[in-house]
Amino acid sequence: MDFGLTEEHEMVRKMVRDFAQKEVKPTIKDWDIRQEMDPKVLPRMGELGILGICIPVRYGGQGMDYISLGLACEELEAVDTTLRVVMSVHMGLNSMALLQWGTEDQKQRFLAPQAKGEKIAAFGLTEPGAGSDVASMNSTAKRDGDEYVINGEKMWISLATKADHFLWVAVTDPEAQDPHEGMTAFVVEAERDGVTSGDIHDKMGVRAGSTGWVNCQSVRVPVENRLGEEGEGFRIAMSCLDNGRYTVAAGATGLIRASLEASVTYANERTTFGRPISRHQLVQQKIARMVKDYEAARLLYLRAGWMKNQGQRNTRETSLAKWYATDASFEAASEAVQVHGAYGYSAEYDVERYLRNSKGAVIYEGTSEIHTLIQAGYALEMRKDAGLRCELPAYDPEAWQSEPETAAAH
Amino acid sequence: MNIVVCVKQTPDTAATVTVEGGQVSWGDSPLVLNPWDEYAVEEALRTKEAHGGKVSAVSMGPESAKDALKQALAMGCDEAILISDEALEAADSLATSHVLVAAIGKLDSPELVFFGKASVDSASGVTFAQTARLLGQPLLSQVAGVTSIDPDSATITVERLLPEGREVVESSMPAVVSVTKEINEPRYPSFMGIRKASKAEIPTWGAGDLGMDSVPKAKVDWPEIFAIQQEATSCEVIEGETPEAMAAKLADRLLEEKVI
């Protein structure tokens, strides 16, 4: 058993940290207040290869492993949640699904430009009336010759107004006995006629990002845009969540770390009753809990990342990592505000933003309640993972890093 | 063009420096590529990108300094060489320069040798000058911009940063160039560079490999190291009915404290 990160991992972490700390941190507060995304963020993340970090080189990516993705997410969210959200939807929920389920043609047409950062990707599952209850979805896709006609509205979609490609789940068979078997996944390009989108403002947190709605009004997509088979949509969506939740878990771990670091710094600066507050045991207790949660959350997400590298099914472990890390990040941010006292309650310090940002992740990509049920389900043997037609490929450094012309050999 | 960039591994600038028993301690702060040297690496890479050739990063230090060299490789340097020898442990900047000159002599006659303006730890800021002197090459220090390089006529034109402004200097090559932070914005390592660097085997040269029969003795040492006395500061709020009254009170206080 080896708990060490490789030299490569350490360098990835430093590189992403340097980017986030130097280029985003200095201005993030202003963008958060303006409720806008810094227009430089997505192009820079593309330029630096972060948007294609764990995608094979032959599909335009950087050929790193899934642990590198987790480390990047931890570093990004240690600065701001909106940066990690980009990775959750662009990489976890969309690009990795194309890697897992896409045809070679779809990988070339959609995945390659996404991995290069030329196109931004998002994920459309949630609807105004369908969150945890995915089966109550209203979006439809009707086959018409060589095309499908898509209608419906998706809600709470990250990067709604920034994305070029949406992975869109719609009902293709309303008569299906089990509604889960009646869903199908598609790639819908934002530029197609009938696609409109808008951002939602006045959210509690992740205000420096884009979250919104996307509407399809009789949008025609060719059959070649269907991801997987008809009726496979629910299974595809759930496999996407195995990857999206991984990025959320890793990111929330970064948020715990940021809360911890801010608390340690402040506790050593602020004096009450004649000594730094770090000398008061109740403040120490808060800090000790953050340490405990950071270390536990980190181990949980790294194990999930390791399992992905090995090609092992990780639905259970990823769900656990996501549940633990997001609950703990909300707790850590809240306690960080408490350590800062009244100052923590103002925008003068970052911790109030951490607290506002941490709440969303306890709700999206499976609420904590859903994860509680998932874990109980596994423990009580009421739930078992069925094999998938396409599994996320195990990480193979040689195949991931080979150039297009030599890729045929693998 | 053959380009050499001399780098050093230093503690992170965020490190807390303490002095204990006459020894400087950086605690367990992470060791990094000297931040000033990042500008030198960047300029070396830009020069190569514009004129072709290769960039060799050279560092003298302990085995752990390979991490700093790996950072240089990850940024895009073509090769890296560590010079490490127990006999060099107490080297001062002049001894270091002798060693660097011997190492540069083993490389393919570089047209340019880049340095950062100083290291953030010992901060002597003279190694580049001593190296240039020993190489017998022109020194362009405080370089805040490279205006042009003409490999055919072997000339380089740079802008030097002076307290009064900037001056344009033209020099023949080969030359030694030490750069300031105004010169560029160092790149982050690329993922491909990170992979290359993590796989790279960095050769270690000892004094013997450099053909140095004897290691130059340090001429400078540090007989005493002490921490600067912390100045006690206190904050006083000047209050008053009107801005004029407050200003008058402030002026009185400043006179009293002999500040004005």
# chains A, B, ... in the order shown; residues from 1 in each chain; ligands from 1
>>> interface_residues(of="chain B", to="chain A", cutoff="9 Å", atoms="only C-alpha atoms", output="list in words")
Asp67, Gln71, Ala74, Tyr188, Pro189, Ser190, Phe191, Met192, Ile194, Arg195, Ala197, Ser198 and Lys199 of chain B
>>> write_last_selection(atoms="N, CA, C and O atoms", output="PDB file, in the first residue's frame")
ATOM      1  N   ASP B  67      14.793  18.658  -7.784  1.00  0.00           N
ATOM      2  CA  ASP B  67      13.389  19.074  -7.897  1.00  0.00           C
ATOM      3  C   ASP B  67      13.276  20.434  -8.582  1.00  0.00           C
ATOM      4  O   ASP B  67      12.364  20.665  -9.369  1.00  0.00           O
ATOM      5  N   GLN B  71      11.525  21.336 -12.240  1.00  0.00           N
ATOM      6  CA  GLN B  71      10.601  22.435 -12.530  1.00  0.00           C
ATOM      7  C   GLN B  71      11.052  23.135 -13.817  1.00  0.00           C
ATOM      8  O   GLN B  71      10.233  23.455 -14.680  1.00  0.00           O
ATOM      9  N   ALA B  74      10.164  20.937 -16.649  1.00  0.00           N
ATOM     10  CA  ALA B  74       8.721  20.937 -16.886  1.00  0.00           C
ATOM     11  C   ALA B  74       8.287  22.214 -17.599  1.00  0.00           C
ATOM     12  O   ALA B  74       7.331  22.225 -18.364  1.00  0.00           O
ATOM     13  N   TYR B 188       3.689  28.603 -16.526  1.00  0.00           N
ATOM     14  CA  TYR B 188       3.550  27.429 -15.662  1.00  0.00           C
ATOM     15  C   TYR B 188       4.074  26.250 -16.464  1.00  0.00           C
ATOM     16  O   TYR B 188       4.031  26.267 -17.688  1.00  0.00           O
ATOM     17  N   PRO B 189       4.512  25.209 -15.781  1.00  0.00           N
ATOM     18  CA  PRO B 189       4.895  24.015 -16.531  1.00  0.00           C
ATOM     19  C   PRO B 189       3.673  23.479 -17.274  1.00  0.00           C
ATOM     20  O   PRO B 189       2.554  23.621 -16.801  1.00  0.00           O
ATOM     21  N   SER B 190       3.878  22.896 -18.440  1.00  0.00           N
ATOM     22  CA  SER B 190       2.769  22.246 -19.146  1.00  0.00           C
ATOM     23  C   SER B 190       2.652  20.826 -18.618  1.00  0.00           C
ATOM     24  O   SER B 190       3.594  20.293 -18.029  1.00  0.00           O
ATOM     25  N   PHE B 191       1.479  20.208 -18.833  1.00  0.00           N
ATOM     26  CA  PHE B 191       1.312  18.816 -18.385  1.00  0.00           C
ATOM     27  C   PHE B 191       2.303  17.911 -19.109  1.00  0.00           C
ATOM     28  O   PHE B 191       2.857  16.994 -18.528  1.00  0.00           O
ATOM     29  N   MET B 192       2.522  18.204 -20.388  1.00  0.00           N
ATOM     30  CA  MET B 192       3.475  17.376 -21.129  1.00  0.00           C
ATOM     31  C   MET B 192       4.880  17.563 -20.548  1.00  0.00           C
ATOM     32  O   MET B 192       5.631  16.609 -20.387  1.00  0.00           O
ATOM     33  N   ILE B 194       5.552  18.361 -17.493  1.00  0.00           N
ATOM     34  CA  ILE B 194       5.575  17.699 -16.179  1.00  0.00           C
ATOM     35  C   ILE B 194       5.876  16.216 -16.364  1.00  0.00           C
ATOM     36  O   ILE B 194       6.682  15.633 -15.642  1.00  0.00           O
ATOM     37  N   ARG B 195       5.229  15.616 -17.372  1.00  0.00           N
ATOM     38  CA  ARG B 195       5.474  14.176 -17.605  1.00  0.00           C
ATOM     39  C   ARG B 195       6.917  13.935 -18.005  1.00  0.00           C
ATOM     40  O   ARG B 195       7.578  13.015 -17.543  1.00  0.00           O
ATOM     41  N   ALA B 197       9.490  15.826 -17.380  1.00  0.00           N
ATOM     42  CA  ALA B 197      10.388  16.109 -16.257  1.00  0.00           C
ATOM     43  C   ALA B 197      10.381  14.977 -15.238  1.00  0.00           C
ATOM     44  O   ALA B 197      11.420  14.609 -14.690  1.00  0.00           O
ATOM     45  N   SER B 198       9.195  14.406 -14.990  1.00  0.00           N
ATOM     46  CA  SER B 198       9.137  13.374 -13.951  1.00  0.00           C
ATOM     47  C   SER B 198       9.840  12.101 -14.407  1.00  0.00           C
ATOM     48  O   SER B 198      10.264  11.295 -13.590  1.00  0.00           O
ATOM     49  N   LYS B 199       9.963  11.938 -15.712  1.00  0.00           N
ATOM     50  CA  LYS B 199      10.660  10.749 -16.219  1.00  0.00           C
ATOM     51  C   LYS B 199      12.152  11.010 -16.438  1.00  0.00           C
ATOM     52  O   LYS B 199      12.931  10.068 -16.617  1.00  0.00           O
TER      53      LYS B 199
END
>>> select_by_dssp(residues="stretch 39-228 of chain A", states="alpha helix (DSSP H)", output="PyMOL selection string")
chain A and resi 41-47+66-77+81-86+96-101+104-106+112-115
>>> residues_around(residues="stretch 361-366 of chain A", least_positions_apart="6", cutoff="10 Å", atoms="only C-alpha atoms", output="MDAnalysis selection string")
chainID A and resid 81 85 88 93 126 131:132 156 206 238 240:242 244:246 248:249 251:252 319 322:330 372 374
>>> write_last_selection(atoms="N, CA, C and O atoms", output="short mmCIF file (atom, residue, chain, number, x, y, z; two decimals), in the first residue's frame")
data_model
loop_
_atom_site.label_atom_id
_atom_site.label_comp_id
_atom_site.auth_asym_id
_atom_site.auth_seq_id
_atom_site.Cartn_x
_atom_site.Cartn_y
_atom_site.Cartn_z
N THR A 81 -14.99 27.93 -5.54
CA THR A 81 -15.80 26.79 -5.97
C THR A 81 -16.14 26.85 -7.45
O THR A 81 -16.22 25.83 -8.13
N VAL A 85 -16.32 23.86 -10.26
CA VAL A 85 -17.57 23.54 -10.95
C VAL A 85 -17.32 23.37 -12.46
O VAL A 85 -17.89 22.51 -13.09
N SER A 88 -16.20 19.97 -12.91
CA SER A 88 -17.26 18.98 -12.66
C SER A 88 -18.11 18.78 -13.90
O SER A 88 -18.40 17.65 -14.28
N LEU A 93 -18.77 15.40 -15.85
CA LEU A 93 -20.11 15.01 -16.29
C LEU A 93 -20.22 14.92 -17.81
O LEU A 93 -21.15 14.31 -18.32
N THR A 126 -30.95 17.69 -14.71
CA THR A 126 -31.95 18.29 -13.82
C THR A 126 -32.93 19.18 -14.59
O THR A 126 -32.54 19.90 -15.52
N GLY A 131 -35.29 16.62 -10.02
CA GLY A 131 -33.94 16.68 -9.46
C GLY A 131 -33.52 15.28 -9.05
O GLY A 131 -33.16 14.46 -9.88
N SER A 132 -33.65 15.01 -7.76
CA SER A 132 -33.35 13.66 -7.27
C SER A 132 -34.25 12.63 -7.96
O SER A 132 -33.83 11.50 -8.24
N TRP A 156 -30.84 24.68 -13.40
CA TRP A 156 -29.68 24.61 -12.50
C TRP A 156 -28.48 24.02 -13.22
O TRP A 156 -27.74 23.21 -12.68
N VAL A 206 -21.59 30.25 -5.26
CA VAL A 206 -21.00 30.10 -6.61
C VAL A 206 -21.45 31.23 -7.53
O VAL A 206 -21.90 31.02 -8.64
N MET A 238 -26.14 8.19 -14.75
CA MET A 238 -25.62 7.75 -13.45
C MET A 238 -24.10 7.53 -13.51
O MET A 238 -23.38 7.82 -12.55
N CYS A 240 -22.13 9.21 -15.40
CA CYS A 240 -21.58 10.57 -15.40
C CYS A 240 -21.41 11.05 -13.96
O CYS A 240 -20.42 11.70 -13.62
N LEU A 241 -22.41 10.73 -13.13
CA LEU A 241 -22.36 11.20 -11.75
C LEU A 241 -21.20 10.57 -10.99
O LEU A 241 -20.63 11.18 -10.09
N ASP A 242 -20.83 9.33 -11.35
CA ASP A 242 -19.66 8.71 -10.70
C ASP A 242 -18.42 9.58 -10.92
O ASP A 242 -17.50 9.57 -10.10
N GLY A 244 -18.63 13.06 -12.00
CA GLY A 244 -18.91 14.40 -11.49
C GLY A 244 -18.74 14.47 -9.98
O GLY A 244 -18.14 15.40 -9.45
N ARG A 245 -19.28 13.47 -9.30
CA ARG A 245 -19.21 13.46 -7.83
C ARG A 245 -17.77 13.36 -7.33
O ARG A 245 -17.44 13.87 -6.26
N TYR A 246 -16.96 12.69 -8.12
CA TYR A 246 -15.54 12.59 -7.76
C TYR A 246 -14.90 13.98 -7.73
O TYR A 246 -14.18 14.33 -6.79
N VAL A 248 -16.48 16.78 -7.33
CA VAL A 248 -17.11 17.54 -6.23
C VAL A 248 -16.44 17.17 -4.91
O VAL A 248 -16.11 18.04 -4.09
N ALA A 249 -16.19 15.87 -4.71
CA ALA A 249 -15.55 15.41 -3.48
C ALA A 249 -14.16 16.01 -3.33
O ALA A 249 -13.80 16.55 -2.28
N GLY A 251 -13.00 18.68 -4.78
CA GLY A 251 -13.10 20.12 -4.63
C GLY A 251 -13.49 20.50 -3.21
O GLY A 251 -12.90 21.39 -2.60
N ALA A 252 -14.50 19.80 -2.66
CA ALA A 252 -14.95 20.11 -1.30
C ALA A 252 -13.80 19.90 -0.32
O ALA A 252 -13.68 20.62 0.68
N SER A 319 -19.54 7.98 -4.08
CA SER A 319 -20.69 8.54 -3.36
C SER A 319 -20.30 8.86 -1.92
O SER A 319 -20.62 9.93 -1.39
N LYS A 322 -18.04 11.91 -1.82
CA LYS A 322 -18.78 13.14 -2.10
C LYS A 322 -19.63 13.54 -0.90
O LYS A 322 -19.67 14.70 -0.50
N TRP A 323 -20.30 12.57 -0.33
CA TRP A 323 -21.17 12.83 0.83
C TRP A 323 -20.33 13.37 1.99
O TRP A 323 -20.64 14.41 2.58
N TYR A 324 -19.27 12.66 2.30
CA TYR A 324 -18.45 13.05 3.45
C TYR A 324 -17.83 14.44 3.23
O TYR A 324 -17.90 15.31 4.10
N ALA A 325 -17.22 14.63 2.07
CA ALA A 325 -16.47 15.87 1.84
C ALA A 325 -17.38 17.09 1.80
O ALA A 325 -17.03 18.15 2.32
N THR A 326 -18.55 16.95 1.18
CA THR A 326 -19.40 18.14 1.05
C THR A 326 -20.03 18.52 2.39
O THR A 326 -20.08 19.69 2.74
N ASP A 327 -20.51 17.51 3.13
CA ASP A 327 -21.03 17.83 4.47
C ASP A 327 -19.94 18.46 5.32
O ASP A 327 -20.16 19.45 6.03
N ALA A 328 -18.74 17.89 5.24
CA ALA A 328 -17.62 18.38 6.06
C ALA A 328 -17.19 19.77 5.62
O ALA A 328 -16.76 20.59 6.44
N SER A 329 -17.31 20.06 4.32
CA SER A 329 -16.86 21.39 3.86
C SER A 329 -17.83 22.47 4.33
O SER A 329 -17.42 23.59 4.66
N PHE A 330 -19.11 22.13 4.37
CA PHE A 330 -20.11 23.09 4.88
C PHE A 330 -19.83 23.36 6.37
O PHE A 330 -19.82 24.51 6.82
N THR A 372 -26.96 9.25 1.61
CA THR A 372 -27.25 8.45 2.81
C THR A 372 -27.98 7.17 2.39
O THR A 372 -27.65 6.07 2.82
N ILE A 374 -27.98 5.79 -0.59
CA ILE A 374 -27.10 4.94 -1.40
C ILE A 374 -26.23 4.08 -0.48
O ILE A 374 -26.12 2.87 -0.66
#
>>> residues_around(residues="A:Pro128", least_positions_apart="3", cutoff="10 Å", atoms="only C-alpha atoms", output="list of chain:residue names")
A:Gly131, A:Met137, A:Asn138, A:Glu153, A:Lys154, A:Met155, A:Trp156, A:Trp213
>>> atom_distance(atom1="atom CA of B:Leu94", atom2="atom CA of B:Asn184")
28.0 Å
>>> residues_around(residues="B:Glu185", least_positions_apart="2", cutoff="12 Å", atoms="only C-alpha atoms", output="PyMOL selection string")
(chain A and resi 22-23) or (chain B and resi 35-43+45-46+144-145+179-183+187-188)
>>> select_by_dssp(residues="stretch 65-296 of chain A", states="strand (DSSP E)", output="PyMOL selection string")
chain A and resi 121-124+140-144+147-158+165-171+183-189+195-199+211-222+226-227+271-272+275-276
>>> residues_around(residues="B:Ala129", least_positions_apart="4", cutoff="12 Å", atoms="only C-alpha atoms", output="ChimeraX atom specification")
/B:93-94,96-98,100-101,113-118,124-125,133-142,175-178
>>> write_last_selection(atoms="N, CA and C atoms", output="short mmCIF file (atom, residue, chain, number, x, y, z; two decimals), in the first residue's frame")
data_model
loop_
_atom_site.label_atom_id
_atom_site.label_comp_id
_atom_site.auth_asym_id
_atom_site.auth_seq_id
_atom_site.Cartn_x
_atom_site.Cartn_y
_atom_site.Cartn_z
N SER B 93 29.88 32.51 -3.25
CA SER B 93 29.46 32.80 -4.62
C SER B 93 30.63 32.70 -5.60
N LEU B 94 31.83 33.04 -5.15
CA LEU B 94 32.99 32.97 -6.06
C LEU B 94 33.32 31.51 -6.37
N THR B 96 31.25 29.08 -6.24
CA THR B 96 30.15 28.62 -7.09
C THR B 96 30.39 29.02 -8.54
N SER B 97 30.86 30.26 -8.75
CA SER B 97 31.11 30.74 -10.10
C SER B 97 32.18 29.89 -10.79
N HIS B 98 33.24 29.54 -10.05
CA HIS B 98 34.27 28.68 -10.63
C HIS B 98 33.67 27.37 -11.11
N LEU B 100 30.45 26.76 -11.82
CA LEU B 100 29.53 26.98 -12.94
C LEU B 100 30.31 27.16 -14.25
N VAL B 101 31.41 27.89 -14.17
CA VAL B 101 32.23 28.12 -15.37
C VAL B 101 32.77 26.79 -15.89
N VAL B 113 24.25 32.89 -21.39
CA VAL B 113 24.06 32.25 -20.08
C VAL B 113 23.15 33.17 -19.28
N PHE B 114 21.97 32.66 -18.91
CA PHE B 114 21.01 33.47 -18.16
C PHE B 114 21.08 33.19 -16.66
N PHE B 115 20.88 34.23 -15.89
CA PHE B 115 20.78 34.13 -14.43
C PHE B 115 19.58 34.95 -13.96
N GLY B 116 19.03 34.59 -12.80
CA GLY B 116 18.09 35.48 -12.11
C GLY B 116 18.91 36.56 -11.41
N LYS B 117 18.26 37.58 -10.89
CA LYS B 117 19.03 38.70 -10.33
C LYS B 117 19.68 38.36 -8.98
N ALA B 118 19.14 37.38 -8.28
CA ALA B 118 19.70 36.94 -6.99
C ALA B 118 18.94 35.71 -6.56
N SER B 124 23.05 37.13 -2.34
CA SER B 124 24.28 37.89 -2.57
C SER B 124 24.19 38.68 -3.88
N GLY B 125 23.57 38.10 -4.89
CA GLY B 125 23.36 38.83 -6.15
C GLY B 125 24.63 39.15 -6.90
N ARG B 133 32.85 37.33 -15.28
CA ARG B 133 34.26 37.72 -15.18
C ARG B 133 35.17 36.52 -15.47
N LEU B 134 34.83 35.38 -14.85
CA LEU B 134 35.66 34.18 -15.05
C LEU B 134 35.56 33.63 -16.46
N LEU B 135 34.37 33.82 -17.08
CA LEU B 135 34.21 33.38 -18.47
C LEU B 135 34.90 34.35 -19.42
N GLY B 136 35.18 35.56 -18.94
CA GLY B 136 35.73 36.60 -19.79
C GLY B 136 34.71 37.10 -20.80
N GLN B 137 33.45 37.10 -20.39
CA GLN B 137 32.37 37.52 -21.31
C GLN B 137 31.70 38.79 -20.79
N PRO B 138 31.08 39.54 -21.73
CA PRO B 138 30.36 40.73 -21.28
C PRO B 138 29.21 40.35 -20.35
N LEU B 139 28.96 41.25 -19.40
CA LEU B 139 27.85 41.02 -18.47
C LEU B 139 26.75 42.04 -18.73
N LEU B 140 25.55 41.54 -18.94
CA LEU B 140 24.39 42.42 -19.04
C LEU B 140 23.54 42.14 -17.81
N SER B 141 23.59 43.07 -16.87
CA SER B 141 22.85 42.84 -15.62
C SER B 141 21.60 43.70 -15.59
N GLN B 142 20.71 43.42 -14.66
CA GLN B 142 19.47 44.20 -14.49
C GLN B 142 18.71 44.29 -15.81
N ALA B 175 27.54 36.04 -24.10
CA ALA B 175 27.41 37.00 -23.02
C ALA B 175 26.64 36.37 -21.87
N VAL B 176 26.77 37.00 -20.71
CA VAL B 176 26.02 36.57 -19.53
C VAL B 176 24.93 37.60 -19.27
N VAL B 177 23.71 37.14 -19.05
CA VAL B 177 22.58 38.04 -18.88
C VAL B 177 21.90 37.73 -17.55
N SER B 178 21.78 38.74 -16.69
CA SER B 178 20.98 38.51 -15.48
C SER B 178 19.73 39.37 -15.58
#
>>> residues_around(residues="A:Val221", least_positions_apart="4", cutoff="7 Å", atoms="only C-alpha atoms", output="VMD selection string")
chain A and resid 147 to 149 188 225
>>> write_last_selection(atoms="N, CA and C atoms", output="tab-separated table (two decimals), in the first residue's frame")
chain	number	residue	atom	x	y	z
A	147	GLU	N	-32.98	11.88	-37.68
A	147	GLU	CA	-32.82	12.93	-36.66
A	147	GLU	C	-33.69	12.64	-35.44
A	148	TYR	N	-33.38	13.34	-34.37
A	148	TYR	CA	-34.27	13.38	-33.21
A	148	TYR	C	-34.71	14.83	-33.05
A	149	VAL	N	-35.95	15.01	-32.58
A	149	VAL	CA	-36.45	16.36	-32.30
A	149	VAL	C	-36.58	16.48	-30.78
A	188	VAL	N	-26.13	17.94	-27.54
A	188	VAL	CA	-26.83	19.04	-28.20
A	188	VAL	C	-25.88	20.23	-28.25
A	225	ASN	N	-25.60	12.19	-33.01
A	225	ASN	CA	-25.40	12.91	-31.75
A	225	ASN	C	-25.94	12.13	-30.56
